[in-house]
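Have a look at data_11.cif; it's mmCIF, C-alpha atoms:
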data_protein
#
loop_
_atom_site.group_PDB
_atom_site.id
_atom_site.type_symbol
_atom_site.label_atom_id
_atom_site.label_comp_id
_atom_site.auth_asym_id
_atom_site.auth_seq_id
_atom_site.Cartn_x
_atom_site.Cartn_y
_atom_site.Cartn_z
ATOM 1 C CA MET E 2 -54.408 38.263 32.823
ATOM 2 C CA ASN E 3 -52.428 36.250 35.365
ATOM 3 C CA SER E 4 -53.690 32.927 36.605
ATOM 4 C CA THR E 5 -54.621 32.557 40.252
ATOM 5 C CA VAL E 6 -52.091 31.804 42.958
ATOM 6 C CA LYS E 7 -52.342 28.209 44.171
ATOM 7 C CA SER E 8 -50.906 26.519 47.240
ATOM 8 C CA GLY E 9 -49.647 22.992 47.737
ATOM 9 C CA ILE E 10 -46.918 20.711 49.076
ATOM 10 C CA ILE E 11 -43.736 19.649 47.276
ATOM 11 C CA THR E 12 -43.730 15.870 46.859
ATOM 12 C CA LYS E 13 -40.767 15.363 44.516
ATOM 13 C CA CYS E 14 -37.615 17.253 43.532
ATOM 14 C CA LEU E 15 -35.660 16.142 40.487
ATOM 15 C CA GLY E 16 -33.466 18.071 38.052
ATOM 16 C CA GLY E 17 -34.639 21.517 39.140
ATOM 17 C CA LEU E 18 -38.298 20.592 38.734
ATOM 18 C CA TYR E 19 -40.640 20.380 41.713
ATOM 19 C CA THR E 20 -43.774 18.252 41.774
ATOM 20 C CA VAL E 21 -46.379 20.160 43.771
ATOM 21 C CA GLU E 22 -49.614 18.550 44.924
ATOM 22 C CA SER E 23 -52.472 20.964 45.531
ATOM 23 C CA PRO E 24 -56.264 20.703 45.853
ATOM 24 C CA ASP E 25 -56.386 21.675 42.160
ATOM 25 C CA GLY E 26 -54.195 18.808 41.004
ATOM 26 C CA ILE E 27 -50.534 17.897 40.580
ATOM 27 C CA PHE E 28 -48.210 20.411 38.911
ATOM 28 C CA SER E 29 -44.614 20.402 37.719
ATOM 29 C CA CYS E 30 -43.067 23.711 38.768
ATOM 30 C CA LYS E 31 -39.832 25.618 38.634
ATOM 31 C CA ALA E 32 -38.604 27.857 41.449
ATOM 32 C CA ARG E 33 -38.181 31.614 41.115
ATOM 33 C CA GLY E 34 -34.610 32.569 40.339
ATOM 34 C CA VAL E 35 -34.625 35.039 43.210
ATOM 35 C CA PHE E 36 -34.707 32.153 45.708
ATOM 36 C CA ARG E 37 -31.070 31.283 45.001
ATOM 37 C CA SER E 38 -29.848 34.794 45.772
ATOM 38 C CA LYS E 39 -31.777 34.660 49.057
ATOM 39 C CA GLY E 40 -30.329 31.274 49.988
ATOM 40 C CA ILE E 41 -33.708 29.555 49.710
ATOM 41 C CA SER E 42 -33.848 26.045 48.294
ATOM 42 C CA PRO E 43 -37.327 24.473 48.139
ATOM 43 C CA CYS E 44 -37.408 20.862 49.317
ATOM 44 C CA LEU E 45 -39.749 17.939 49.965
ATOM 45 C CA GLY E 46 -42.501 18.730 52.427
ATOM 46 C CA ASP E 47 -42.373 22.472 51.857
ATOM 47 C CA SER E 48 -45.698 24.282 51.768
ATOM 48 C CA VAL E 49 -45.500 26.609 48.782
ATOM 49 C CA GLU E 50 -47.461 29.068 46.693
ATOM 50 C CA PHE E 51 -47.142 28.921 42.924
ATOM 51 C CA GLN E 52 -48.496 30.684 39.882
ATOM 52 C CA ASP E 53 -48.174 29.741 36.220
ATOM 53 C CA GLU E 54 -46.159 26.689 37.334
ATOM 54 C CA VAL E 55 -43.548 28.831 39.077
ATOM 55 C CA ILE E 56 -43.050 28.580 42.855
ATOM 56 C CA THR E 57 -43.368 32.116 44.189
ATOM 57 C CA ALA E 58 -43.223 31.604 47.971
ATOM 58 C CA VAL E 59 -42.052 29.005 50.476
ATOM 59 C CA ALA E 60 -43.765 28.994 53.878
ATOM 60 C CA GLU E 61 -41.712 29.022 57.071
ATOM 61 C CA ARG E 62 -40.673 25.487 58.020
ATOM 62 C CA ARG E 63 -41.467 23.811 61.324
ATOM 63 C CA ASN E 64 -38.305 21.741 60.934
ATOM 64 C CA CYS E 65 -35.931 20.475 58.270
ATOM 65 C CA ILE E 66 -33.343 17.724 57.952
ATOM 66 C CA ILE E 67 -30.386 18.128 55.645
ATOM 67 C CA ARG E 68 -29.891 14.766 53.975
ATOM 68 C CA PRO E 69 -32.077 14.124 52.169
ATOM 69 C CA PRO E 70 -33.667 17.585 52.336
ATOM 70 C CA LEU E 71 -37.056 17.103 54.027
ATOM 71 C CA ALA E 72 -39.181 19.796 55.675
ATOM 72 C CA ASN E 73 -42.138 19.883 58.068
ATOM 73 C CA LEU E 74 -41.845 16.293 59.255
ATOM 74 C CA ASP E 75 -44.246 15.132 61.937
ATOM 75 C CA GLN E 76 -42.332 11.943 62.672
ATOM 76 C CA LEU E 77 -39.307 9.848 61.753
ATOM 77 C CA ILE E 78 -39.856 6.095 61.646
ATOM 78 C CA PHE E 79 -36.596 4.282 62.367
ATOM 79 C CA ILE E 80 -36.546 0.823 60.824
ATOM 80 C CA VAL E 81 -34.377 -1.546 62.853
ATOM 81 C CA SER E 82 -33.995 -5.248 62.057
ATOM 82 C CA THR E 83 -33.300 -7.871 64.716
ATOM 83 C CA CYS E 84 -30.520 -9.284 62.516
ATOM 84 C CA ASP E 85 -28.961 -9.127 59.056
ATOM 85 C CA PRO E 86 -28.091 -6.294 59.679
ATOM 86 C CA ALA E 87 -27.893 -6.416 63.472
ATOM 87 C CA PRO E 88 -29.153 -3.379 65.413
ATOM 88 C CA ASN E 89 -26.670 -0.506 65.652
ATOM 89 C CA TYR E 90 -27.750 1.197 68.878
ATOM 90 C CA LEU E 91 -25.285 4.079 68.596
ATOM 91 C CA LEU E 92 -26.549 4.930 65.134
ATOM 92 C CA LEU E 93 -30.178 4.624 66.248
ATOM 93 C CA ASP E 94 -29.541 6.831 69.270
ATOM 94 C CA LYS E 95 -27.843 9.453 67.106
ATOM 95 C CA PHE E 96 -30.862 9.726 64.857
ATOM 96 C CA ILE E 97 -33.343 9.692 67.728
ATOM 97 C CA ALA E 98 -31.363 12.546 69.307
ATOM 98 C CA ILE E 99 -31.562 14.514 66.066
ATOM 99 C CA ALA E 100 -35.320 13.902 65.866
ATOM 100 C CA GLU E 101 -35.719 15.131 69.454
ATOM 101 C CA TYR E 102 -33.515 18.151 68.678
ATOM 102 C CA LYS E 103 -35.663 19.012 65.672
ATOM 103 C CA GLY E 104 -38.987 18.523 67.426
ATOM 104 C CA ILE E 105 -39.830 15.497 65.269
ATOM 105 C CA LYS E 106 -41.522 12.517 66.915
ATOM 106 C CA PRO E 107 -39.286 9.408 66.846
ATOM 107 C CA VAL E 108 -40.868 5.997 66.275
ATOM 108 C CA VAL E 109 -39.054 2.645 66.143
ATOM 109 C CA ALA E 110 -40.316 -0.170 63.901
ATOM 110 C CA VAL E 111 -38.608 -3.538 64.386
ATOM 111 C CA THR E 112 -38.424 -5.884 61.394
ATOM 112 C CA LYS E 113 -37.321 -9.522 60.959
ATOM 113 C CA THR E 114 -38.894 -10.459 64.289
ATOM 114 C CA ASP E 115 -39.254 -14.026 62.966
ATOM 115 C CA LEU E 116 -35.469 -14.301 62.712
ATOM 116 C CA GLY E 117 -34.383 -12.835 66.034
ATOM 117 C CA SER E 118 -35.548 -11.402 69.353
ATOM 118 C CA SER E 119 -36.732 -7.818 69.554
ATOM 119 C CA SER E 120 -36.999 -7.751 73.364
ATOM 120 C CA ASP E 121 -33.866 -5.621 73.934
ATOM 121 C CA ILE E 122 -35.072 -2.970 71.495
ATOM 122 C CA THR E 123 -38.575 -2.805 72.951
ATOM 123 C CA ASP E 124 -37.239 -2.731 76.517
ATOM 124 C CA ILE E 125 -34.759 0.094 75.891
ATOM 125 C CA TYR E 126 -36.966 2.382 73.820
ATOM 126 C CA GLY E 127 -40.438 1.487 75.036
ATOM 127 C CA LYS E 128 -39.267 2.192 78.582
ATOM 128 C CA ILE E 129 -38.525 5.839 77.738
ATOM 129 C CA GLY E 130 -41.847 6.461 76.004
ATOM 130 C CA ILE E 131 -40.863 5.999 72.366
ATOM 131 C CA ASP E 132 -43.463 4.109 70.322
ATOM 132 C CA VAL E 133 -42.032 0.715 69.300
ATOM 133 C CA ILE E 134 -43.884 -1.403 66.750
ATOM 134 C CA GLU E 135 -42.792 -5.005 66.205
ATOM 135 C CA ILE E 136 -43.476 -5.987 62.598
ATOM 136 C CA ASP E 137 -44.807 -9.454 61.862
ATOM 137 C CA TYR E 138 -45.985 -9.769 58.268
ATOM 138 C CA SER E 139 -48.159 -12.750 59.238
ATOM 139 C CA ASP E 140 -50.003 -10.542 61.732
ATOM 140 C CA LYS E 141 -52.039 -7.876 59.941
ATOM 141 C CA SER E 142 -52.532 -5.917 63.157
ATOM 142 C CA THR E 143 -48.835 -4.967 63.235
ATOM 143 C CA ILE E 144 -49.080 -3.467 59.737
ATOM 144 C CA ASP E 145 -52.307 -1.724 60.733
ATOM 145 C CA ALA E 146 -50.447 -0.197 63.686
ATOM 146 C CA VAL E 147 -47.992 1.392 61.257
ATOM 147 C CA LYS E 148 -50.842 2.606 59.052
ATOM 148 C CA ASN E 149 -52.496 4.238 62.047
ATOM 149 C CA ILE E 150 -49.454 6.262 63.060
ATOM 150 C CA LEU E 151 -48.893 7.407 59.456
ATOM 151 C CA THR E 152 -52.459 8.597 58.812
ATOM 152 C CA GLY E 153 -52.687 12.342 58.326
ATOM 153 C CA LYS E 154 -48.980 12.901 59.034
ATOM 154 C CA ILE E 155 -45.850 13.766 57.050
ATOM 155 C CA SER E 156 -43.442 10.988 57.937
ATOM 156 C CA ALA E 157 -40.146 9.533 56.783
ATOM 157 C CA PHE E 158 -38.796 6.011 56.986
ATOM 158 C CA THR E 159 -35.070 5.728 57.583
ATOM 159 C CA GLY E 160 -32.667 3.042 58.731
ATOM 160 C CA ASN E 161 -29.744 0.879 57.727
ATOM 161 C CA SER E 162 -29.798 -0.445 54.192
ATOM 162 C CA GLY E 163 -31.291 -3.925 54.274
ATOM 163 C CA ALA E 164 -33.412 -3.329 57.375
ATOM 164 C CA GLY E 165 -36.577 -3.520 55.270
ATOM 165 C CA LYS E 166 -37.805 0.048 54.798
ATOM 166 C CA SER E 167 -39.167 -0.433 51.298
ATOM 167 C CA THR E 168 -40.662 -3.835 52.131
ATOM 168 C CA LEU E 169 -42.559 -2.320 55.049
ATOM 169 C CA LEU E 170 -43.744 0.619 52.954
ATOM 170 C CA ASN E 171 -45.101 -1.749 50.319
ATOM 171 C CA ALA E 172 -46.921 -3.718 53.019
ATOM 172 C CA VAL E 173 -48.459 -0.518 54.403
ATOM 173 C CA ASP E 174 -49.598 0.610 50.949
ATOM 174 C CA PRO E 175 -49.151 -1.959 48.111
ATOM 175 C CA THR E 176 -49.992 0.675 45.475
ATOM 176 C CA LEU E 177 -46.605 2.324 46.114
ATOM 177 C CA ASP E 178 -44.723 -0.629 44.556
ATOM 178 C CA ILE E 179 -41.328 0.659 45.774
ATOM 179 C CA PRO E 180 -38.350 -1.415 44.498
ATOM 180 C CA THR E 181 -36.635 -3.654 47.050
ATOM 181 C CA ALA E 182 -33.367 -5.569 46.967
ATOM 182 C CA GLU E 183 -32.004 -8.516 48.856
ATOM 183 C CA ILE E 184 -29.107 -8.230 51.285
ATOM 184 C CA SER E 185 -25.729 -8.321 49.597
ATOM 185 C CA LYS E 186 -23.918 -11.175 51.377
ATOM 186 C CA LYS E 187 -20.562 -9.892 50.151
ATOM 187 C CA LEU E 188 -21.049 -6.420 51.603
ATOM 188 C CA GLY E 189 -23.191 -7.466 54.553
ATOM 189 C CA ARG E 190 -25.742 -4.769 53.793
ATOM 190 C CA GLY E 191 -28.557 -4.040 51.406
ATOM 191 C CA ARG E 192 -28.069 -2.447 48.024
ATOM 192 C CA HIS E 193 -29.443 1.072 47.903
ATOM 193 C CA THR E 194 -32.765 0.759 46.127
ATOM 194 C CA THR E 195 -33.841 4.326 46.997
ATOM 195 C CA ARG E 196 -31.994 6.710 44.684
ATOM 196 C CA HIS E 197 -33.889 9.892 45.440
ATOM 197 C CA ALA E 198 -36.229 11.049 48.153
ATOM 198 C CA GLU E 199 -39.890 11.370 47.327
ATOM 199 C CA LEU E 200 -43.064 11.929 49.311
ATOM 200 C CA TYR E 201 -45.632 9.272 48.575
ATOM 201 C CA LYS E 202 -49.286 10.006 49.259
ATOM 202 C CA LEU E 203 -50.850 7.183 51.236
ATOM 203 C CA GLU E 204 -54.275 5.717 50.603
ATOM 204 C CA THR E 205 -55.184 6.320 54.241
ATOM 205 C CA GLY E 206 -54.084 9.970 54.096
ATOM 206 C CA GLY E 207 -50.765 11.586 54.861
ATOM 207 C CA TYR E 208 -47.382 11.385 53.146
ATOM 208 C CA ILE E 209 -44.388 9.130 53.614
ATOM 209 C CA ALA E 210 -40.804 9.531 52.407
ATOM 210 C CA ASP E 211 -38.638 6.505 51.749
ATOM 211 C CA THR E 212 -35.100 7.793 52.235
ATOM 212 C CA PRO E 213 -31.752 6.308 51.170
ATOM 213 C CA GLY E 214 -30.195 4.064 53.816
ATOM 214 C CA PHE E 215 -27.867 5.816 56.183
ATOM 215 C CA SER E 216 -24.405 4.944 57.436
ATOM 216 C CA THR E 217 -22.303 5.904 60.433
ATOM 217 C CA PHE E 218 -20.540 8.500 58.306
ATOM 218 C CA GLU E 219 -23.634 10.487 57.415
ATOM 219 C CA THR E 220 -25.281 11.420 60.720
ATOM 220 C CA ASN E 221 -23.728 14.886 60.840
ATOM 221 C CA ARG E 222 -25.342 15.593 57.488
ATOM 222 C CA TYR E 223 -28.730 15.417 59.184
ATOM 223 C CA ASP E 224 -27.686 18.002 61.742
ATOM 224 C CA ILE E 225 -25.081 18.777 64.393
ATOM 225 C CA ILE E 226 -25.894 18.980 68.101
ATOM 226 C CA ARG E 227 -23.604 20.954 70.426
ATOM 227 C CA LYS E 228 -22.324 19.080 73.471
ATOM 228 C CA GLU E 229 -24.167 21.373 75.897
ATOM 229 C CA GLU E 230 -27.458 20.680 74.085
ATOM 230 C CA LEU E 231 -27.022 16.926 73.852
ATOM 231 C CA ALA E 232 -28.474 15.875 77.219
ATOM 232 C CA GLY E 233 -31.717 17.627 76.289
ATOM 233 C CA CYS E 234 -32.020 15.232 73.335
ATOM 234 C CA PHE E 235 -32.050 12.180 75.624
ATOM 235 C CA ARG E 236 -35.531 12.357 77.141
ATOM 236 C CA GLU E 237 -34.827 9.956 80.017
ATOM 237 C CA MET E 238 -32.106 12.288 81.339
ATOM 238 C CA ALA E 239 -34.381 15.335 81.534
ATOM 239 C CA GLU E 240 -35.675 14.721 85.059
ATOM 240 C CA PHE E 241 -32.146 14.293 86.452
ATOM 241 C CA THR E 242 -29.957 16.927 84.759
ATOM 242 C CA ASP E 243 -31.049 19.766 87.060
ATOM 243 C CA GLN E 244 -30.169 17.697 90.121
ATOM 244 C CA CYS E 245 -26.441 17.472 89.371
ATOM 245 C CA ARG E 246 -23.954 19.069 91.760
ATOM 246 C CA PHE E 247 -22.372 21.170 89.012
ATOM 247 C CA LYS E 248 -24.321 23.264 86.516
ATOM 248 C CA ASP E 249 -21.846 22.477 83.726
ATOM 249 C CA CYS E 250 -21.945 18.731 84.415
ATOM 250 C CA SER E 251 -21.265 16.675 81.293
ATOM 251 C CA HIS E 252 -23.116 13.639 82.763
ATOM 252 C CA THR E 253 -20.242 11.396 81.713
ATOM 253 C CA CYS E 254 -17.931 10.971 84.724
ATOM 254 C CA GLU E 255 -18.496 13.618 87.424
ATOM 255 C CA LYS E 256 -19.045 12.933 91.113
ATOM 256 C CA GLY E 257 -22.418 14.186 92.231
ATOM 257 C CA CYS E 258 -23.974 13.622 88.789
ATOM 258 C CA ALA E 259 -27.645 12.711 89.151
ATOM 259 C CA VAL E 260 -27.677 11.164 85.680
ATOM 260 C CA LEU E 261 -24.898 8.745 86.646
ATOM 261 C CA ASP E 262 -26.743 7.942 89.876
ATOM 262 C CA ALA E 263 -29.875 7.162 87.820
ATOM 263 C CA LEU E 264 -27.754 5.003 85.521
ATOM 264 C CA GLY E 265 -26.468 3.038 88.522
ATOM 265 C CA GLU E 266 -30.041 2.545 89.750
ATOM 266 C CA GLY E 267 -31.141 1.181 86.360
ATOM 267 C CA LYS E 268 -33.344 4.180 85.552
ATOM 268 C CA ILE E 269 -31.284 4.915 82.417
ATOM 269 C CA SER E 270 -30.149 2.096 80.142
ATOM 270 C CA GLU E 271 -26.432 1.448 79.780
ATOM 271 C CA SER E 272 -26.579 1.371 75.979
ATOM 272 C CA ARG E 273 -28.299 4.753 75.815
ATOM 273 C CA HIS E 274 -25.792 6.332 78.207
ATOM 274 C CA THR E 275 -22.898 4.764 76.279
ATOM 275 C CA SER E 276 -24.295 6.339 73.091
ATOM 276 C CA TYR E 277 -24.622 9.674 74.890
ATOM 277 C CA CYS E 278 -20.976 9.563 76.058
ATOM 278 C CA THR E 279 -19.754 8.693 72.557
ATOM 279 C CA MET E 280 -21.775 11.535 71.042
ATOM 280 C CA TYR E 281 -20.570 13.930 73.755
ATOM 281 C CA ASP E 282 -16.934 13.070 72.996
ATOM 282 C CA GLU E 283 -17.576 13.553 69.267
ATOM 283 C CA ALA E 284 -19.266 16.905 69.924
ATOM 284 C CA LYS E 285 -16.252 18.079 71.931
ATOM 285 C CA GLN E 286 -14.059 17.516 68.873
ATOM 286 C CA LEU E 287 -16.173 19.699 66.598
ATOM 287 C CA LYS E 288 -14.569 22.872 65.294
ATOM 288 C CA GLU E 289 -16.462 26.138 65.545
ATOM 289 C CA TRP E 290 -16.830 26.405 61.757
ATOM 290 C CA GLU E 291 -18.602 23.023 61.717
ATOM 291 C CA LEU E 292 -21.247 24.377 64.089
ATOM 292 C CA LYS E 293 -22.249 27.249 61.833
#
Take the structure from the file and write it as structure tokens.
Amino acid sequence: MNSTVKSGIITKCLGGLYTVESPDGIFSCKARGVFRSKGISPCLGDSVEFQDEVITAVAERRNCIIRPPLANLDQLIFIVSTCDPAPNYLLLDKFIAIAEYKGIKPVVAVTKTDLGSSSDITDIYGKIGIDVIEIDYSDKSTIDAVKNILTGKISAFTGNSGAGKSTLLNAVDPTLDIPTAEISKKLGRGRHTTRHAELYKLETGGYIADTPGFSTFETNRYDIIRKEELAGCFREMAEFTDQCRFKDCSHTCEKGCAVLDALGEGKISESRHTSYCTMYDEAKQLKEWELK
């Protein structure tokens, strides 16, 4: 007699084994061989059905990022430090655009506020309606603010190595005890302490993934956005794009562009528009096979 079919969420993937957390407990499962022939690869955050410790079905995903493979995210928390390493606005804007493209809520958490000013970051991103939390480890309310946004959600922390992702996670939930490492002065960045992605269940409810630090070379591995879709991933441009003189306006240099007019009037920040133009130029260089 077969055992009953159970349902749960994948919280860890390692060596072909999937840790699945369900109301009945935590199980180590393998995936059905038929998944490979169908091009299905279970990943963190997937809602699955399993029987006799074999995953038999993977539910349709609300969203998915490629590296590391994470599904059904409610929000991406971008950890940005005021210094050491300094903020990389282009990189941050690339990942915010991908979050917007995927329908994942972007949140910015600013660390090392005792070592440098966070005013530029809060001005740029708070102005366009993105939640910005300034972290001060001597002020418990700032850690509580992070806890509140994580409760009941599937979230991921990501950011430059050395920005303090693991340190912040440990402050949010000390039981996680995630390894941290100091900045490498020789390399100017943190050593990668996160070697695999894993969903950690939080004491307050919800799950959080601590992901490996990203670099400028890896953004396309999260996803690729076509140039004609890019403006829709910059929320502050939305109210202006339909007002342009030309329907195929790139919003980079054209006369009669409402986005450029808004930029000149200070309604769109220069750094965000500069990031948009850089990403637009990069998107123009993409080959058709890269978009498939």
- Taking the file as shown, find all residues satisfying the PyMOL selection byres ((chain E and resi 241) around 10) and write them as a list in words. Glu237, Met238, Ala239, Glu240, Thr242, Asp243, Gln244, Cys245, His252, Cys258, Ala259, Val260, Leu261, Asp262 and Ala263 of chain E
- Select, counting only C-alpha atoms, all protein, DNA and RNA residues no farther than 6 Å from (-46.5, 30.4, 38.7) in file coordinates, and express the selection as number ranges by chain. E: 51-56
- Residue IDs satisfying the PyMOL selection byres ((chain E and resi 133) around 9), as a ChimeraX atom specification: /E:108-111,122-123,126-127,130-132,134-135
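For the file shown, the residue list from the PyMOL selection byres ((chain E and resi 25) around 9) reads Lys7, Ser8, Gly9, Glu22, Ser23, Pro24, Gly26, Ile27 and Phe28 of chain E.
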- Surrounding residues of segment 36-46 of chain E excluding itself and chain neighbours under 5 positions, 12 Å, only C-alpha atoms, as a ChimeraX atom specification: /E:9-15,17-22,30-31,51,55-75,154-157,197-202,207-212
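Taking only C-alpha atoms into account, Gly233 of chain E lies nearest to E:Glu101 out of the set E:Glu101, E:Glu50, E:Asp94, E:Asp249.
If you look at atom CA of Ser272 of chain E and atom CA of Ala87 of chain E, they are 14.8 Å away from each other.
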- Item | Separation of atom CA of Gly160 of chain E from atom CA of Thr114 of chain E, in Å and rounded to one decimal | 15.9 Å
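Between atom CA of Ile136 of chain E and atom CA of Glu204 of chain E there is a distance of 19.9 Å.
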Around all the atoms of segment 14-32 of chain E listed in the file, with 5 Å of room on each side, what axis-aligned box do you get, giving centre and edge lengths in Å to one decimal, as JSON?
{"center_x": -44.9, "center_y": 22.0, "center_z": 41.8, "size_x": 32.9, "size_y": 21.7, "size_z": 18.1}
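If all atoms listed in the file are the atoms counted, then among E:Leu231, E:Phe96, E:Lys256, E:Val49 the closest residue to Ala32 of chain E is E:Val49.
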- Neighbours of Asp282 of chain E within 10 Å (only C-alpha atoms; same-chain residues fewer than 5 positions away dropped), as a list in words? Lys228, Thr253, Ser276, Tyr277 and Leu287 of chain E
